$ cat input.pdb   # PDB, C-alpha atoms
ATOM      1  CA  MET V 100      -1.927  -0.273  11.558  1.00  0.00           C
ATOM      2  CA  THR V 101      -4.507  -1.281   8.955  1.00  0.00           C
ATOM      3  CA  MET V 102      -3.759  -0.541   5.309  1.00  0.00           C
ATOM      4  CA  LYS V 103      -4.919  -2.262   2.187  1.00  0.00           C
ATOM      5  CA  ILE V 104      -2.182  -3.470  -0.097  1.00  0.00           C
ATOM      6  CA  ASN V 105      -2.384  -6.059  -2.824  1.00  0.00           C
ATOM      7  CA  ALA V 106       1.198  -7.144  -2.721  1.00  0.00           C
ATOM      8  CA  ALA V 107       3.818  -6.620  -0.087  1.00  0.00           C
ATOM      9  CA  ALA V 108       7.222  -7.644  -1.288  1.00  0.00           C
ATOM     10  CA  PHE V 109      10.251  -6.886   0.770  1.00  0.00           C
ATOM     11  CA  ALA V 110      13.830  -7.905   1.225  1.00  0.00           C
ATOM     12  CA  LEU V 111      14.891  -8.745   4.746  1.00  0.00           C
ATOM     13  CA  LEU V 112      18.532  -8.957   5.624  1.00  0.00           C
ATOM     14  CA  SER V 113      19.722  -8.553   2.069  1.00  0.00           C
ATOM     15  CA  THR V 114      23.294  -8.965   3.173  1.00  0.00           C
ATOM     16  CA  ALA V 115      24.301 -12.374   4.416  1.00  0.00           C
ATOM     17  CA  LEU V 116      24.844 -12.678   8.143  1.00  0.00           C
ATOM     18  CA  SER V 117      28.246 -13.879   9.256  1.00  0.00           C
ATOM     19  CA  PRO V 118      28.324 -17.420  10.709  1.00  0.00           C
ATOM     20  CA  ALA V 119      29.619 -16.057  14.035  1.00  0.00           C
ATOM     21  CA  LEU V 120      26.636 -13.731  14.313  1.00  0.00           C
ATOM     22  CA  VAL V 121      24.254 -16.549  13.434  1.00  0.00           C
ATOM     23  CA  LEU V 122      25.699 -18.812  16.115  1.00  0.00           C
ATOM     24  CA  ALA V 123      25.825 -16.034  18.694  1.00  0.00           C
ATOM     25  CA  GLN V 124      22.140 -15.284  18.267  1.00  0.00           C
ATOM     26  CA  GLU V 125      21.074 -18.925  18.017  1.00  0.00           C
ATOM     27  CA  GLN V 126      19.443 -18.857  14.613  1.00  0.00           C
ATOM     28  CA  CYS V 127      18.661 -21.802  12.404  1.00  0.00           C
ATOM     29  CA  VAL V 128      18.600 -20.162   8.979  1.00  0.00           C
ATOM     30  CA  SER V 129      21.623 -18.147   7.895  1.00  0.00           C
ATOM     31  CA  GLY V 130      22.113 -15.852   4.942  1.00  0.00           C
ATOM     32  CA  GLY V 131      19.921 -13.347   3.211  1.00  0.00           C
ATOM     33  CA  PHE V 132      16.458 -14.086   1.886  1.00  0.00           C
ATOM     34  CA  ARG V 133      13.446 -12.434   0.303  1.00  0.00           C
ATOM     35  CA  LEU V 134       9.797 -12.841   1.299  1.00  0.00           C
ATOM     36  CA  GLU V 135       6.746 -12.142  -0.831  1.00  0.00           C
ATOM     37  CA  PHE V 136       3.114 -12.280   0.185  1.00  0.00           C
ATOM     38  CA  ASN V 137      -0.272 -10.844  -0.701  1.00  0.00           C
ATOM     39  CA  GLY V 138      -2.508  -8.979   1.686  1.00  0.00           C
ATOM     40  CA  GLN V 139      -2.079  -6.949   4.794  1.00  0.00           C
ATOM     41  CA  CYS V 140       1.323  -6.909   6.493  1.00  0.00           C
ATOM     42  CA  THR V 141       0.880  -8.413   9.939  1.00  0.00           C
ATOM     43  CA  PRO V 142       3.300 -10.315  12.179  1.00  0.00           C
ATOM     44  CA  ASP V 143       1.345 -13.531  11.498  1.00  0.00           C
ATOM     45  CA  ALA V 144       1.484 -12.956   7.720  1.00  0.00           C
ATOM     46  CA  ILE V 145       5.250 -12.403   7.863  1.00  0.00           C
ATOM     47  CA  VAL V 146       5.807 -15.535   9.953  1.00  0.00           C
ATOM     48  CA  ALA V 147       3.615 -17.608   7.608  1.00  0.00           C
ATOM     49  CA  ALA V 148       5.566 -16.358   4.561  1.00  0.00           C
ATOM     50  CA  TYR V 149       8.915 -16.937   6.284  1.00  0.00           C
ATOM     51  CA  GLU V 150       7.889 -20.412   7.408  1.00  0.00           C
ATOM     52  CA  SER V 151       6.712 -21.551   3.976  1.00  0.00           C
ATOM     53  CA  GLN V 152       9.266 -19.760   1.782  1.00  0.00           C
ATOM     54  CA  VAL V 153      12.428 -19.999   3.885  1.00  0.00           C
ATOM     55  CA  PHE V 154      12.249 -21.981   7.121  1.00  0.00           C
ATOM     56  CA  ASN V 155      10.470 -25.075   5.772  1.00  0.00           C
ATOM     57  CA  ALA V 156      11.963 -24.853   2.275  1.00  0.00           C
ATOM     58  CA  SER V 157      14.069 -27.810   1.217  1.00  0.00           C
ATOM     59  CA  GLY V 158      17.495 -27.346   2.815  1.00  0.00           C
ATOM     60  CA  GLY V 159      16.391 -24.161   4.568  1.00  0.00           C
ATOM     61  CA  THR V 160      16.752 -25.355   8.152  1.00  0.00           C
ATOM     62  CA  PRO V 161      19.593 -27.550   9.392  1.00  0.00           C
ATOM     63  CA  GLU V 162      18.868 -30.760  11.298  1.00  0.00           C
ATOM     64  CA  GLY V 163      18.609 -30.295  15.034  1.00  0.00           C
ATOM     65  CA  CYS V 164      17.169 -26.786  14.899  1.00  0.00           C
ATOM     66  CA  ALA V 165      15.101 -26.336  18.040  1.00  0.00           C
ATOM     67  CA  LEU V 166      13.659 -22.933  17.148  1.00  0.00           C
ATOM     68  CA  THR V 167      10.264 -22.235  15.645  1.00  0.00           C
ATOM     69  CA  ALA V 168      10.048 -20.192  12.464  1.00  0.00           C
ATOM     70  CA  ARG V 169       8.799 -17.210  14.507  1.00  0.00           C
ATOM     71  CA  ALA V 170      11.667 -17.414  17.004  1.00  0.00           C
ATOM     72  CA  ASP V 171      14.232 -17.779  14.210  1.00  0.00           C
ATOM     73  CA  LEU V 172      12.835 -14.783  12.340  1.00  0.00           C
ATOM     74  CA  GLU V 173      12.591 -12.644  15.480  1.00  0.00           C
ATOM     75  CA  ALA V 174      16.251 -13.422  16.253  1.00  0.00           C
ATOM     76  CA  LYS V 175      17.226 -11.880  12.892  1.00  0.00           C
ATOM     77  CA  LEU V 176      15.448  -8.558  13.397  1.00  0.00           C
ATOM     78  CA  PRO V 177      18.083  -6.816  15.576  1.00  0.00           C
ATOM     79  CA  ALA V 178      20.758  -7.525  12.946  1.00  0.00           C
ATOM     80  CA  ALA V 179      18.503  -5.804  10.407  1.00  0.00           C
ATOM     81  CA  GLY V 180      18.200  -2.758  12.682  1.00  0.00           C
ATOM     82  CA  ILE V 181      14.638  -3.524  13.747  1.00  0.00           C
ATOM     83  CA  ASP V 182      14.218  -3.461  17.506  1.00  0.00           C
ATOM     84  CA  THR V 183      10.410  -3.209  17.560  1.00  0.00           C
ATOM     85  CA  GLY V 184       9.650  -6.798  16.599  1.00  0.00           C
ATOM     86  CA  LEU V 185       7.679  -8.088  13.654  1.00  0.00           C
ATOM     87  CA  GLN V 186       5.262  -5.150  13.760  1.00  0.00           C
ATOM     88  CA  GLY V 187       8.305  -2.899  13.308  1.00  0.00           C
ATOM     89  CA  LEU V 188       9.127  -4.836  10.154  1.00  0.00           C
ATOM     90  CA  CYS V 189       5.596  -4.213   8.851  1.00  0.00           C
ATOM     91  CA  ASP V 190       5.933  -0.531   9.709  1.00  0.00           C
ATOM     92  CA  ARG V 191       9.172  -0.390   7.712  1.00  0.00           C
ATOM     93  CA  VAL V 192       7.530  -2.143   4.742  1.00  0.00           C
ATOM     94  CA  TYR V 193       4.634   0.350   4.729  1.00  0.00           C
ATOM     95  CA  ALA V 194       6.972   3.331   5.087  1.00  0.00           C
ATOM     96  CA  ALA V 195       9.044   2.175   2.102  1.00  0.00           C
ATOM     97  CA  GLN V 196       6.082   1.716  -0.248  1.00  0.00           C
ATOM     98  CA  TYR V 197       5.350   4.183  -3.022  1.00  0.00           C
ATOM     99  CA  LYS V 198       2.271   6.296  -2.362  1.00  0.00           C
ATOM    100  CA  VAL V 199       0.153   7.670  -5.195  1.00  0.00           C
ATOM    101  CA  PRO V 200      -0.424  11.421  -4.755  1.00  0.00           C
ATOM    102  CA  PHE V 201      -3.955  12.247  -3.571  1.00  0.00           C
ATOM    103  CA  SER V 202      -4.236  14.810  -6.364  1.00  0.00           C
ATOM    104  CA  SER V 203      -4.185  11.960  -8.907  1.00  0.00           C
ATOM    105  CA  ALA V 204      -7.802  11.092  -8.031  1.00  0.00           C
ATOM    106  CA  ALA V 205      -9.298  14.199  -9.646  1.00  0.00           C
ATOM    107  CA  ASP V 206      -6.321  14.749 -11.952  1.00  0.00           C
ATOM    108  CA  ARG V 207      -6.737  18.520 -11.815  1.00  0.00           C
ATOM    109  CA  GLY V 208      -3.128  19.441 -11.077  1.00  0.00           C
ATOM    110  CA  ASP V 209      -0.604  18.709  -8.355  1.00  0.00           C
ATOM    111  CA  ASP V 210      -1.055  21.840  -6.244  1.00  0.00           C
ATOM    112  CA  MET V 211      -4.149  20.505  -4.363  1.00  0.00           C
ATOM    113  CA  ARG V 212      -6.008  23.738  -5.123  1.00  0.00           C
ATOM    114  CA  PHE V 213      -8.918  21.914  -6.773  1.00  0.00           C
ATOM    115  CA  GLU V 214      -9.144  19.394  -3.914  1.00  0.00           C
ATOM    116  CA  GLY V 215      -9.168  22.172  -1.316  1.00  0.00           C
ATOM    117  CA  MET V 216     -11.886  24.011  -3.180  1.00  0.00           C
ATOM    118  CA  PHE V 217     -13.866  20.772  -3.643  1.00  0.00           C
ATOM    119  CA  TYR V 218     -13.872  19.975   0.080  1.00  0.00           C
ATOM    120  CA  ASN V 219     -14.900  23.576   0.792  1.00  0.00           C
ATOM    121  CA  GLY V 220     -17.801  23.252  -1.670  1.00  0.00           C
ATOM    122  CA  HIS V 221     -16.483  25.669  -4.286  1.00  0.00           C
ATOM    123  CA  THR V 222     -15.986  23.687  -7.502  1.00  0.00           C
ATOM    124  CA  ASP V 223     -18.060  23.133 -10.581  1.00  0.00           C
ATOM    125  CA  TRP V 224     -18.695  19.572  -9.383  1.00  0.00           C
ATOM    126  CA  GLN V 225     -20.870  20.811  -6.495  1.00  0.00           C
ATOM    127  CA  GLU V 226     -22.773  23.258  -8.653  1.00  0.00           C
ATOM    128  CA  GLU V 227     -23.130  21.056 -11.722  1.00  0.00           C
ATOM    129  CA  VAL V 228     -26.707  20.362 -12.769  1.00  0.00           C
ATOM    130  CA  GLU V 229     -27.382  18.054 -15.665  1.00  0.00           C
ATOM    131  CA  THR V 230     -29.658  19.600 -18.208  1.00  0.00           C
ATOM    132  CA  ASN V 231     -30.807  18.873 -21.731  1.00  0.00           C
ATOM    133  CA  TYR V 232     -32.019  22.385 -22.545  1.00  0.00           C
ATOM    134  CA  GLU V 233     -28.674  23.845 -23.636  1.00  0.00           C
ATOM    135  CA  THR V 234     -28.437  22.054 -26.966  1.00  0.00           C
ATOM    136  CA  GLU V 235     -30.766  21.988 -29.920  1.00  0.00           C
ATOM    137  CA  ASP V 236     -30.945  18.195 -30.003  1.00  0.00           C
ATOM    138  CA  GLU V 237     -31.627  18.104 -26.232  1.00  0.00           C
ATOM    139  CA  THR V 238     -28.612  15.897 -25.429  1.00  0.00           C
ATOM    140  CA  PRO V 239     -27.579  16.203 -21.784  1.00  0.00           C
ATOM    141  CA  THR V 240     -24.862  18.666 -20.840  1.00  0.00           C
ATOM    142  CA  ASN V 241     -22.974  19.098 -17.567  1.00  0.00           C
ATOM    143  CA  VAL V 242     -23.037  15.367 -16.818  1.00  0.00           C
ATOM    144  CA  LEU V 243     -21.113  14.919 -13.570  1.00  0.00           C
ATOM    145  CA  LYS V 244     -20.715  11.189 -14.186  1.00  0.00           C
ATOM    146  CA  GLU V 245     -18.719  12.055 -17.297  1.00  0.00           C
ATOM    147  CA  ASP V 246     -16.986  15.192 -15.991  1.00  0.00           C
ATOM    148  CA  ALA V 247     -15.724  13.456 -12.843  1.00  0.00           C
ATOM    149  CA  GLU V 248     -15.023  10.129 -14.585  1.00  0.00           C
ATOM    150  CA  GLN V 249     -11.339  10.319 -13.580  1.00  0.00           C
ATOM    151  CA  VAL V 250     -12.291   9.709  -9.930  1.00  0.00           C
ATOM    152  CA  ARG V 251     -13.990   6.401 -10.793  1.00  0.00           C
ATOM    153  CA  VAL V 252     -11.132   5.400 -13.096  1.00  0.00           C
ATOM    154  CA  PHE V 253      -8.663   6.173 -10.292  1.00  0.00           C
ATOM    155  CA  PHE V 254     -10.701   4.221  -7.717  1.00  0.00           C
ATOM    156  CA  ASP V 255     -11.236   1.177  -9.944  1.00  0.00           C
ATOM    157  CA  GLY V 256      -7.642   1.209 -11.172  1.00  0.00           C
ATOM    158  CA  ILE V 257      -4.541   2.430  -9.412  1.00  0.00           C
ATOM    159  CA  ALA V 258      -6.176   2.968  -6.000  1.00  0.00           C
ATOM    160  CA  GLN V 259      -7.015  -0.752  -5.786  1.00  0.00           C
ATOM    161  CA  GLY V 260      -3.374  -1.765  -5.825  1.00  0.00           C
ATOM    162  CA  GLN V 261      -1.377   1.084  -4.338  1.00  0.00           C
ATOM    163  CA  ARG V 262      -1.505   3.252  -1.264  1.00  0.00           C
ATOM    164  CA  VAL V 263      -2.813   6.776  -1.705  1.00  0.00           C
ATOM    165  CA  ASP V 264      -0.939   9.532   0.094  1.00  0.00           C
ATOM    166  CA  TRP V 265      -3.478  11.412   2.206  1.00  0.00           C
ATOM    167  CA  PRO V 266      -2.910  15.179   2.124  1.00  0.00           C
ATOM    168  CA  GLY V 267      -1.812  16.992   5.214  1.00  0.00           C
TER     169      GLY V 267
END
$ encode --input "input.pdb" --output "structure tokens"
Amino acid sequence: MTMKINAAAFALLSTALSPALVLAQEQCVSGGFRLEFNGQCTPDAIVAAYESQVFNASGGTPEGCALTARADLEAKLPAAGIDTGLQGLCDRVYAAQYKVPFSSAADRGDDMRFEGMFYNGHTDWQEEVETNYETEDETPTNVLKEDAEQVRVFFDGIAQGQRVDWPG
């Protein structure tokens, strides 16, 4: 699953695990924690964040822990209801993220009518021809770069940092 995100912040195991459960599953780090990282959510990215922010943090791992950060983290997943491994955690993070409606790109209403007509070739954007003969001072009219400016603003702005919900 490849998706561009600028910041993936998620809470894993927000409720503290009981000591009996920790011992039964042979985990080194007990209790709840929060991980934050930038970039794409991958198993390696999660393990790197867990290792630096929790597992190797001062006082994070008790002496004598024989597990690696990956093994310790993977042992926690079933208690969090994730039985598909670290990729399942990434899938849950992506599913929980807010998605900007696709209709926000053109900003022509939420009913997707304009977008449907655009992709079928039936909007003023396809037929627009810049001309400077319609005004007395010969200033250009029907300038697509100006009329469709919202698409560039959307792309350069909100679409760079949030997922866009694809229609369908």
$ closest_residue --input "input.pdb" --among "V:Val252, V:Ala258, V:Leu176, V:Cys140" --to "Tyr193 of chain V" --atoms "all atoms listed in the file"
V:Cys140
$ resolve_selection --input "input.pdb" --expression "the PyMOL selection byres ((chain V and resi 261) around 8)" --output "ChimeraX atom specification"
/V:104-105,197-199,257-260,262-263
$ residues_around --input "input.pdb" --residues "segment 200-211 of chain V" --least-positions-apart "2" --cutoff "6 Å" --atoms "only C-alpha atoms" --output "compact mmCIF listing (two decimals) with C-alpha atoms, in the frame of the given file"
# COMPACT_ATOMS: atom_id res chain seq x y z
CA PHE V 213 -8.92 21.91 -6.77
CA GLU V 214 -9.14 19.39 -3.91
CA GLN V 249 -11.34 10.32 -13.58
CA VAL V 250 -12.29 9.71 -9.93
CA PHE V 253 -8.66 6.17 -10.29
CA VAL V 263 -2.81 6.78 -1.70
CA ASP V 264 -0.94 9.53 0.09
CA TRP V 265 -3.48 11.41 2.21
$ resolve_selection --input "input.pdb" --expression "the PyMOL selection byres ((chain V and resi 179-186) around 9)" --output "compact mmCIF listing (two decimals) with C-alpha atoms, keeping the file's coordinate frame"
# COMPACT_ATOMS: atom_id res chain seq x y z
CA MET V 100 -1.93 -0.27 11.56
CA LEU V 111 14.89 -8.74 4.75
CA LEU V 112 18.53 -8.96 5.62
CA SER V 113 19.72 -8.55 2.07
CA CYS V 140 1.32 -6.91 6.49
CA THR V 141 0.88 -8.41 9.94
CA PRO V 142 3.30 -10.32 12.18
CA ASP V 143 1.34 -13.53 11.50
CA ILE V 145 5.25 -12.40 7.86
CA VAL V 146 5.81 -15.54 9.95
CA LEU V 172 12.84 -14.78 12.34
CA GLU V 173 12.59 -12.64 15.48
CA LYS V 175 17.23 -11.88 12.89
CA LEU V 176 15.45 -8.56 13.40
CA PRO V 177 18.08 -6.82 15.58
CA ALA V 178 20.76 -7.52 12.95
CA GLY V 187 8.30 -2.90 13.31
CA LEU V 188 9.13 -4.84 10.15
CA CYS V 189 5.60 -4.21 8.85
CA ASP V 190 5.93 -0.53 9.71
CA ARG V 191 9.17 -0.39 7.71
$ closest_residue --input "input.pdb" --among "V:Asn231, V:Asn219, V:Asn241, V:Gln126" --to "Pro161 of chain V" --atoms "all atoms listed in the file"
V:Gln126
$ resolve_selection --input "input.pdb" --expression "the PyMOL selection byres ((chain V and resi 162-168) around 6)" --output "MDAnalysis selection string"
chainID V and resid 127 150 161 169:171
$ atom_distance --input "input.pdb" --atom1 "atom CA of Val228 of chain V" --atom2 "atom CA of Pro266 of chain V"
28.5 Å
$ closest_residue --input "input.pdb" --among "V:Gly159, V:Gly220, V:Gly267, V:Pro239" --to "Gly130 of chain V" --atoms "all atoms listed in the file"
V:Gly159
$ atom_distance --input "input.pdb" --atom1 "atom CA of His221 of chain V" --atom2 "atom CA of Val242 of chain V"
17.5 Å
$ atom_distance --input "input.pdb" --atom1 "atom CA of Arg251 of chain V" --atom2 "atom CA of Glu233 of chain V"
26.2 Å
$ axis_aligned_box --input "input.pdb" --around "segment 130-148 of chain V" --padding-each-side "6 Å" --output "lines of an AutoDock Vina configuration file"
center_x = 9.8
center_y = -12.3
center_z = 5.7
size_x = 36.6
size_y = 22.7
size_z = 25.0
